[in-house]
Amino acid sequence: MNRARVARLFGTYGVLMALAVLIIFGWWRYDNFLSAFNVTTVVRYNAMFALIALGMCFVIMAGGIDLSVGSTAALGSVAAALASHYGIVPGMAAGIGAGLLVGAINGLLVTRARIMPFIATLSTLLAASGTALLLSNQTSVPVSATSGFINVGMGMLWVVPIPTAIAVAAYALGSIVLNYTSTGRTVLAVGGGEDASKLMGLPVARVTFLVYLASGGLAGLAGVLLAALGFAGQPTEGVGWELFAIAAVVVGGTLLTGGSGSVVTTLAGVLLLGTLFNVLNFENGKGWISLSAAWQSVVRGLFLLVVVLLQARLTRSTSQKA
Amino acid sequence: MGADLLLAMQGVDKRFAGIPALSQATLEVNAGEVHALVGQNGAGKSTLIKVLTGYHQRDAGEVTFLGKPFEVSSPQQAQAGGISTIYQEINLVPLRSVTENICLGRAKRRFGLLDWRAMHEEAEHLLNRFRVRLDVRRPLGDFSTATQQMVAIARAIGFSARLVIMDEPTSSLDEQEVQVLFDVIRQLKADGVSVIFVSHKLDELYDVCDRVTIMRDGRTVRSADMSDISKLELVSQMLGRDVSKMEGHATAFSRPPADRSGEVVLTARSLAAGQAVRDVSFELHRGEIASFAGLLGAGRTETARVVFGADPTRAGSMYLDGRAYAPTHPRDAIEAGLGFVSEDRKLEGIVPDMSVADNLTLALLPRISAGGVVDEGKQREIVDRFIKDLGIKCSGPGQKIRELSGGNQQKVLLARWLAMSPDVLILDEPTRGIDVGAKGEIQRLIRSLSDGGLTVLMISSELEEVAEGADRVFVLREGRTVAELAGDEITEETILAAMAQGHVSHQEPGQ
């Protein structure tokens, strides 16, 4: 009984343990790994991915998928950069607005036109990417140096980088929505049994629309951070971000089939993948071995597989019940 | 007996998270016999079968098959070893052809390529043994459930099964199809193949089975020849209590003495929808149990879905409390005071990965939320009350509903709608796939709800349930209401006659 319980806990929180192990490993092996500078850099940079993964987590729990988040972030960064000359608020609003627009289109395609989420968001991936290139004349768009927009990326809230604070706030809100609101419960119900949810009179279409809208909005916000961190709107960034987000969600123990999941472990998934990247950089810095970007990618892929395999093995032994 | 013993499972133990699901369970099946495996939900039947087919690994005990120890770790290995299972929900691939469904996994090849002609021939040959003729090139999904079941059996035989396990094979078949299935079972028997037959329908067991093993609380209570055990004995051993009081009534319904119907609540005139509903009219009176009777495909469920706003109408009109009622979405129906417990519990009822508490309160969420935030205290209070009132057996409100027995899942679904305090509750096959004891409980519950003023529309394929439970019966036939019966007119004979002939025959048929 205790063993099964431990296994179940590990299935759910395994990602947290893996994260802890990785951090301890880094602390033991590298000087400066836990220095304020390194930690701040990692959490500042990964805030973008965290926001995207949060949206992805909700879409996946509702039984869908959103492939458009990467190019939506690119579009958001261009929109934010263009609007940053009018001030911080217009810059942020433009980025988030662009994301909400793409999210709304995704939501309508899935709920009204009844197109499969994979196809619908693949189309908007291409369309958003093209729009970003058109708006930017196919080159990066510098943000205003005078309006203070850069502070959104580089500023600090006491000891916490502002992007990190934004991401933490978003996750806190997401966790409350999922666990304590009827909308959150409905997301899980729709993902776990769409027919049953319809017959219960649950607002299936509205909730489905909302998760895509949220995912788009969060991707737009990630675009705002991208522009503020890179001092420019970057129309060609964001390639493959959707896969990073899906990986983080899956490592966090959320089922790709929908119907169950957790916001907190998704955040841990983002940090795990981000920390791994950081560890590989440190390893290169040690000069023992030199991993090219290609090899780093291979190592990350293998690591992801190991974590998911471990989780699958552990949860399988506990979920078999008559 | 020892000589032709095919399967022996002895002293089998299985625990889940420390809780015993099987303790010292025993099952012995002879060659060429049809062996009934009965017990309430949760008695351990499914677990025993899953242990046998390698889906679960046993904690203790011996399994001998064909005289040798039988050790498998997956249903595929069990199949290769001669034990095939036909599940309640047929687990074949509906989009692929009948041939592929029969031959997949042991495809015939010529020059390294699939030999389609030989495979089609083999599929036809296997089906012909059961006198089933069909175009094996067509997708399996084109055929009825009954036919798909034959295909599943043919597949098992194609894998040279010596033992075929059928888990409630008749639950979605009509009377005639059941007879065809029984012919197939007898044919299997004649060929020396043994069958383990799991069913909740007593009459069927006596029709087709030679021996029976009764399970209760994970133990084997008794094994006997069918001819040596009476129905009453069988039921009482399944339930583990004295059931002599159940004599006389096959169901837990008891008809109220007088006509007690109140005013008309819901009227439907000449409803038509899709292909299945052509011309259906009925009136529901307050506080009565009305029932749709009819064969499979008569349009009963389809009519219910239309009334609940889940499917659109083509023609016709409805009135609720005298006002025009035209729901376009289940939400409209729910707001108007209707509830609907669907026939397909797994797909349209429960959300399997969610807790009992969430499943019970999902439809209620808007009413127990303030500003979108769920009032957890109120939720907890409602859930606790219904768990207690309906006697829902679970480890707690947080337990996942998929882990509950069918009867308890059904109670949660009933509670889901009762918590909404509806005026009209539509129950589609409320007791299907539920063991005898829980069935009686649910029937009594339905009656007490109608006594409390709830209007119930019950769809049931079990004639005795309709005949004993309903105050008013509408007989549907090929999408049309062909008869309305009330009070003393309601007998199994009159319902059957209307279903068969399309009218209530007070005169000679054929007029």
# chains A, B, ... in the order shown; residues from 1 in each chain; ligands from 1

call {"tool": "residues_around", "arguments": {"residues": "region 176-186 of chain B", "least_positions_apart": "3", "cutoff": "7 Å", "atoms": "only C-alpha atoms", "output": "ChimeraX atom specification"}}
result
/B:130,146,170,173,189-190,208

call {"tool": "closest_atom_pairs", "arguments": {"of": "chain A", "to": "chain B", "cutoff": "6 Å", "atoms": "only C-alpha atoms", "output": "JSON lines"}}
result
{"residue": "A:Met1", "atom": "CA", "partner": "B:Ala17", "partner_atom": "CA", "distance": 4.9}
{"residue": "A:Tyr180", "atom": "CA", "partner": "B:Val374", "partner_atom": "CA", "distance": 5.6}
{"residue": "A:Thr181", "atom": "CA", "partner": "B:Val373", "partner_atom": "CA", "distance": 4.1}
{"residue": "A:Ser182", "atom": "CA", "partner": "B:Leu365", "partner_atom": "CA", "distance": 5.6}
{"residue": "A:Gly192", "atom": "CA", "partner": "B:Val351", "partner_atom": "CA", "distance": 5.5}
{"residue": "A:Gly193", "atom": "CA", "partner": "B:Val351", "partner_atom": "CA", "distance": 5.2}
{"residue": "A:Asp195", "atom": "CA", "partner": "B:Glu348", "partner_atom": "CA", "distance": 5.0}
{"residue": "A:Ala196", "atom": "CA", "partner": "B:Glu348", "partner_atom": "CA", "distance": 3.8}
{"residue": "A:Leu199", "atom": "CA", "partner": "B:Pro330", "partner_atom": "CA", "distance": 5.9}
{"residue": "A:Met200", "atom": "CA", "partner": "B:Ala363", "partner_atom": "CA", "distance": 5.4}
{"residue": "A:Gly201", "atom": "CA", "partner": "B:Arg331", "partner_atom": "CA", "distance": 4.2}
{"residue": "A:Ala322", "atom": "CA", "partner": "B:Thr47", "partner_atom": "CA", "distance": 5.8}

call {"tool": "write_last_selection", "arguments": {"atoms": "N, CA, C and O atoms", "output": "compact mmCIF listing (two decimals), in the first residue's frame"}}
result
# COMPACT_ATOMS: atom_id res chain seq x y z
N MET A 1 0.84 -1.19 0.00
CA MET A 1 0.00 0.00 0.00
C MET A 1 0.88 1.24 0.00
O MET A 1 0.72 2.13 -0.80
N TYR A 180 -10.31 25.87 -8.63
CA TYR A 180 -11.36 26.47 -7.81
C TYR A 180 -12.48 27.15 -8.58
O TYR A 180 -13.33 27.79 -7.99
N THR A 181 -12.49 27.05 -9.91
CA THR A 181 -13.60 27.67 -10.64
C THR A 181 -14.33 26.62 -11.47
O THR A 181 -13.79 25.58 -11.80
N SER A 182 -15.59 26.93 -11.78
CA SER A 182 -16.36 25.98 -12.57
C SER A 182 -15.78 25.90 -13.99
O SER A 182 -15.83 24.85 -14.62
N GLY A 192 -11.97 15.12 -20.69
CA GLY A 192 -12.15 13.74 -20.24
C GLY A 192 -13.35 13.05 -20.86
O GLY A 192 -13.40 11.83 -20.91
N GLY A 193 -14.32 13.80 -21.33
CA GLY A 193 -15.51 13.19 -21.93
C GLY A 193 -16.37 14.26 -22.58
O GLY A 193 -17.23 14.83 -21.94
N ASP A 195 -18.64 14.07 -25.00
CA ASP A 195 -20.07 13.75 -25.17
C ASP A 195 -20.83 13.90 -23.86
O ASP A 195 -21.92 14.47 -23.81
N ALA A 196 -20.21 13.36 -22.80
CA ALA A 196 -20.85 13.46 -21.49
C ALA A 196 -21.03 14.92 -21.10
O ALA A 196 -22.08 15.32 -20.60
N LEU A 199 -23.99 16.48 -22.88
CA LEU A 199 -25.29 16.05 -22.35
C LEU A 199 -25.54 16.61 -20.96
O LEU A 199 -26.66 16.63 -20.49
N MET A 200 -24.49 17.06 -20.27
CA MET A 200 -24.69 17.69 -18.97
C MET A 200 -25.03 19.15 -19.13
O MET A 200 -25.23 19.87 -18.16
N GLY A 201 -25.06 19.62 -20.39
CA GLY A 201 -25.37 21.02 -20.62
C GLY A 201 -24.21 21.93 -20.30
O GLY A 201 -24.39 23.13 -20.13
N ALA A 322 -9.27 -2.99 -11.32
CA ALA A 322 -10.38 -3.65 -11.99
C ALA A 322 -11.57 -2.71 -12.10
O ALA A 322 -11.77 -1.90 -11.25

call {"tool": "residues_around", "arguments": {"residues": "region 221-230 of chain A", "least_positions_apart": "4", "cutoff": "10 Å", "atoms": "only C-alpha atoms", "output": "count of residues only"}}
result
58

call {"tool": "atom_distance", "arguments": {"atom1": "CA of Lys68 (chain B)", "atom2": "CA of Gly158 (chain B)"}}
result
22.3 Å

call {"tool": "select_by_dssp", "arguments": {"residues": "region 124-255 of chain A", "states": "alpha helix (DSSP H)", "output": "ChimeraX atom specification"}}
result
/A:124-135,151-154,162-180,182-192,194-199,204-230,241-251

call {"tool": "write_last_selection", "arguments": {"atoms": "C-alpha atoms", "output": "tab-separated table (two decimals), in the first residue's frame"}}
result
chain	number	residue	atom	x	y	z
A	124	THR	CA	-2.65	29.71	-37.96
A	125	LEU	CA	1.00	28.85	-37.25
A	126	LEU	CA	1.76	29.54	-40.91
A	127	ALA	CA	-0.56	32.55	-41.14
A	128	ALA	CA	0.77	34.21	-37.96
A	129	SER	CA	4.33	33.65	-39.06
A	130	GLY	CA	3.60	35.26	-42.43
A	131	THR	CA	1.81	38.18	-40.79
A	132	ALA	CA	4.79	38.77	-38.50
A	133	LEU	CA	7.10	38.91	-41.53
A	134	LEU	CA	4.76	41.30	-43.38
A	135	LEU	CA	4.44	43.66	-40.41
A	151	ASN	CA	12.07	47.39	-18.38
A	152	VAL	CA	9.35	44.80	-18.99
A	153	GLY	CA	12.16	42.43	-19.86
A	154	MET	CA	15.17	43.69	-17.97
A	162	ILE	CA	9.82	41.22	-14.02
A	163	PRO	CA	9.26	38.46	-16.66
A	164	THR	CA	9.54	35.90	-13.86
A	165	ALA	CA	7.08	37.80	-11.72
A	166	ILE	CA	4.64	37.91	-14.64
A	167	ALA	CA	4.98	34.16	-15.21
A	168	VAL	CA	4.56	33.33	-11.52
A	169	ALA	CA	1.44	35.48	-11.35
A	170	ALA	CA	0.07	33.79	-14.47
A	171	TYR	CA	0.67	30.34	-12.96
A	172	ALA	CA	-0.94	31.31	-9.67
A	173	LEU	CA	-3.99	32.54	-11.57
A	174	GLY	CA	-4.00	29.44	-13.77
A	175	SER	CA	-3.86	27.16	-10.75
A	176	ILE	CA	-6.78	28.95	-9.12
A	177	VAL	CA	-8.84	28.82	-12.31
A	178	LEU	CA	-8.18	25.10	-12.74
A	179	ASN	CA	-8.84	24.04	-9.17
A	180	TYR	CA	-11.36	26.47	-7.81
A	182	SER	CA	-16.36	25.98	-12.57
A	183	THR	CA	-14.59	26.94	-15.80
A	184	GLY	CA	-11.52	24.99	-14.69
A	185	ARG	CA	-13.54	21.92	-13.78
A	186	THR	CA	-15.32	22.18	-17.11
A	187	VAL	CA	-11.98	22.23	-18.97
A	188	LEU	CA	-11.14	18.84	-17.43
A	189	ALA	CA	-14.64	17.49	-18.05
A	190	VAL	CA	-14.52	18.47	-21.73
A	191	GLY	CA	-11.10	16.86	-22.13
A	192	GLY	CA	-12.15	13.74	-20.24
A	194	GLU	CA	-16.81	15.60	-24.52
A	195	ASP	CA	-20.07	13.75	-25.17
A	196	ALA	CA	-20.85	13.46	-21.49
A	197	SER	CA	-20.10	17.15	-21.01
A	198	LYS	CA	-22.47	18.12	-23.83
A	199	LEU	CA	-25.29	16.05	-22.35
A	204	VAL	CA	-18.36	22.91	-24.13
A	205	ALA	CA	-17.91	25.28	-27.07
A	206	ARG	CA	-17.37	28.31	-24.85
A	207	VAL	CA	-14.76	26.60	-22.69
A	208	THR	CA	-12.97	25.19	-25.73
A	209	PHE	CA	-12.91	28.67	-27.27
A	210	LEU	CA	-11.60	30.10	-24.00
A	211	VAL	CA	-8.63	27.76	-23.73
A	212	TYR	CA	-7.46	28.66	-27.25
A	213	LEU	CA	-8.04	32.34	-26.51
A	214	ALA	CA	-5.99	32.05	-23.32
A	215	SER	CA	-3.26	30.12	-25.09
A	216	GLY	CA	-3.08	32.82	-27.78
A	217	GLY	CA	-3.06	35.63	-25.23
A	218	LEU	CA	-0.28	33.97	-23.21
A	219	ALA	CA	1.73	33.41	-26.39
A	220	GLY	CA	1.26	37.10	-27.21
A	221	LEU	CA	2.49	38.01	-23.73
A	222	ALA	CA	5.50	35.75	-24.28
A	223	GLY	CA	6.07	37.75	-27.48
A	224	VAL	CA	6.06	40.97	-25.44
A	225	LEU	CA	8.79	39.50	-23.22
A	226	LEU	CA	10.69	38.30	-26.30
A	227	ALA	CA	10.73	41.86	-27.71
A	228	ALA	CA	11.68	43.40	-24.37
A	229	LEU	CA	14.46	40.87	-23.69
A	230	GLY	CA	15.91	41.03	-27.20
A	241	TRP	CA	8.56	26.68	-29.19
A	242	GLU	CA	5.30	24.78	-29.42
A	243	LEU	CA	7.26	21.54	-29.17
A	244	PHE	CA	9.16	22.81	-26.14
A	245	ALA	CA	5.84	23.70	-24.54
A	246	ILE	CA	4.29	20.32	-25.33
A	247	ALA	CA	7.39	18.61	-23.92
A	248	ALA	CA	7.18	20.64	-20.72
A	249	VAL	CA	3.48	19.83	-20.32
A	250	VAL	CA	4.07	16.11	-20.87
A	251	VAL	CA	7.07	15.97	-18.55

call {"tool": "residues_around", "arguments": {"residues": "Arg323 (chain B)", "least_positions_apart": "6", "cutoff": "12 Å", "atoms": "only C-alpha atoms", "output": "number ranges by chain"}}
result
B: 264-268, 317, 336

call {"tool": "atom_distance", "arguments": {"atom1": "CA of Gln24 (chain B)", "atom2": "CA of Gly218 (chain B)"}}
result
7.9 Å
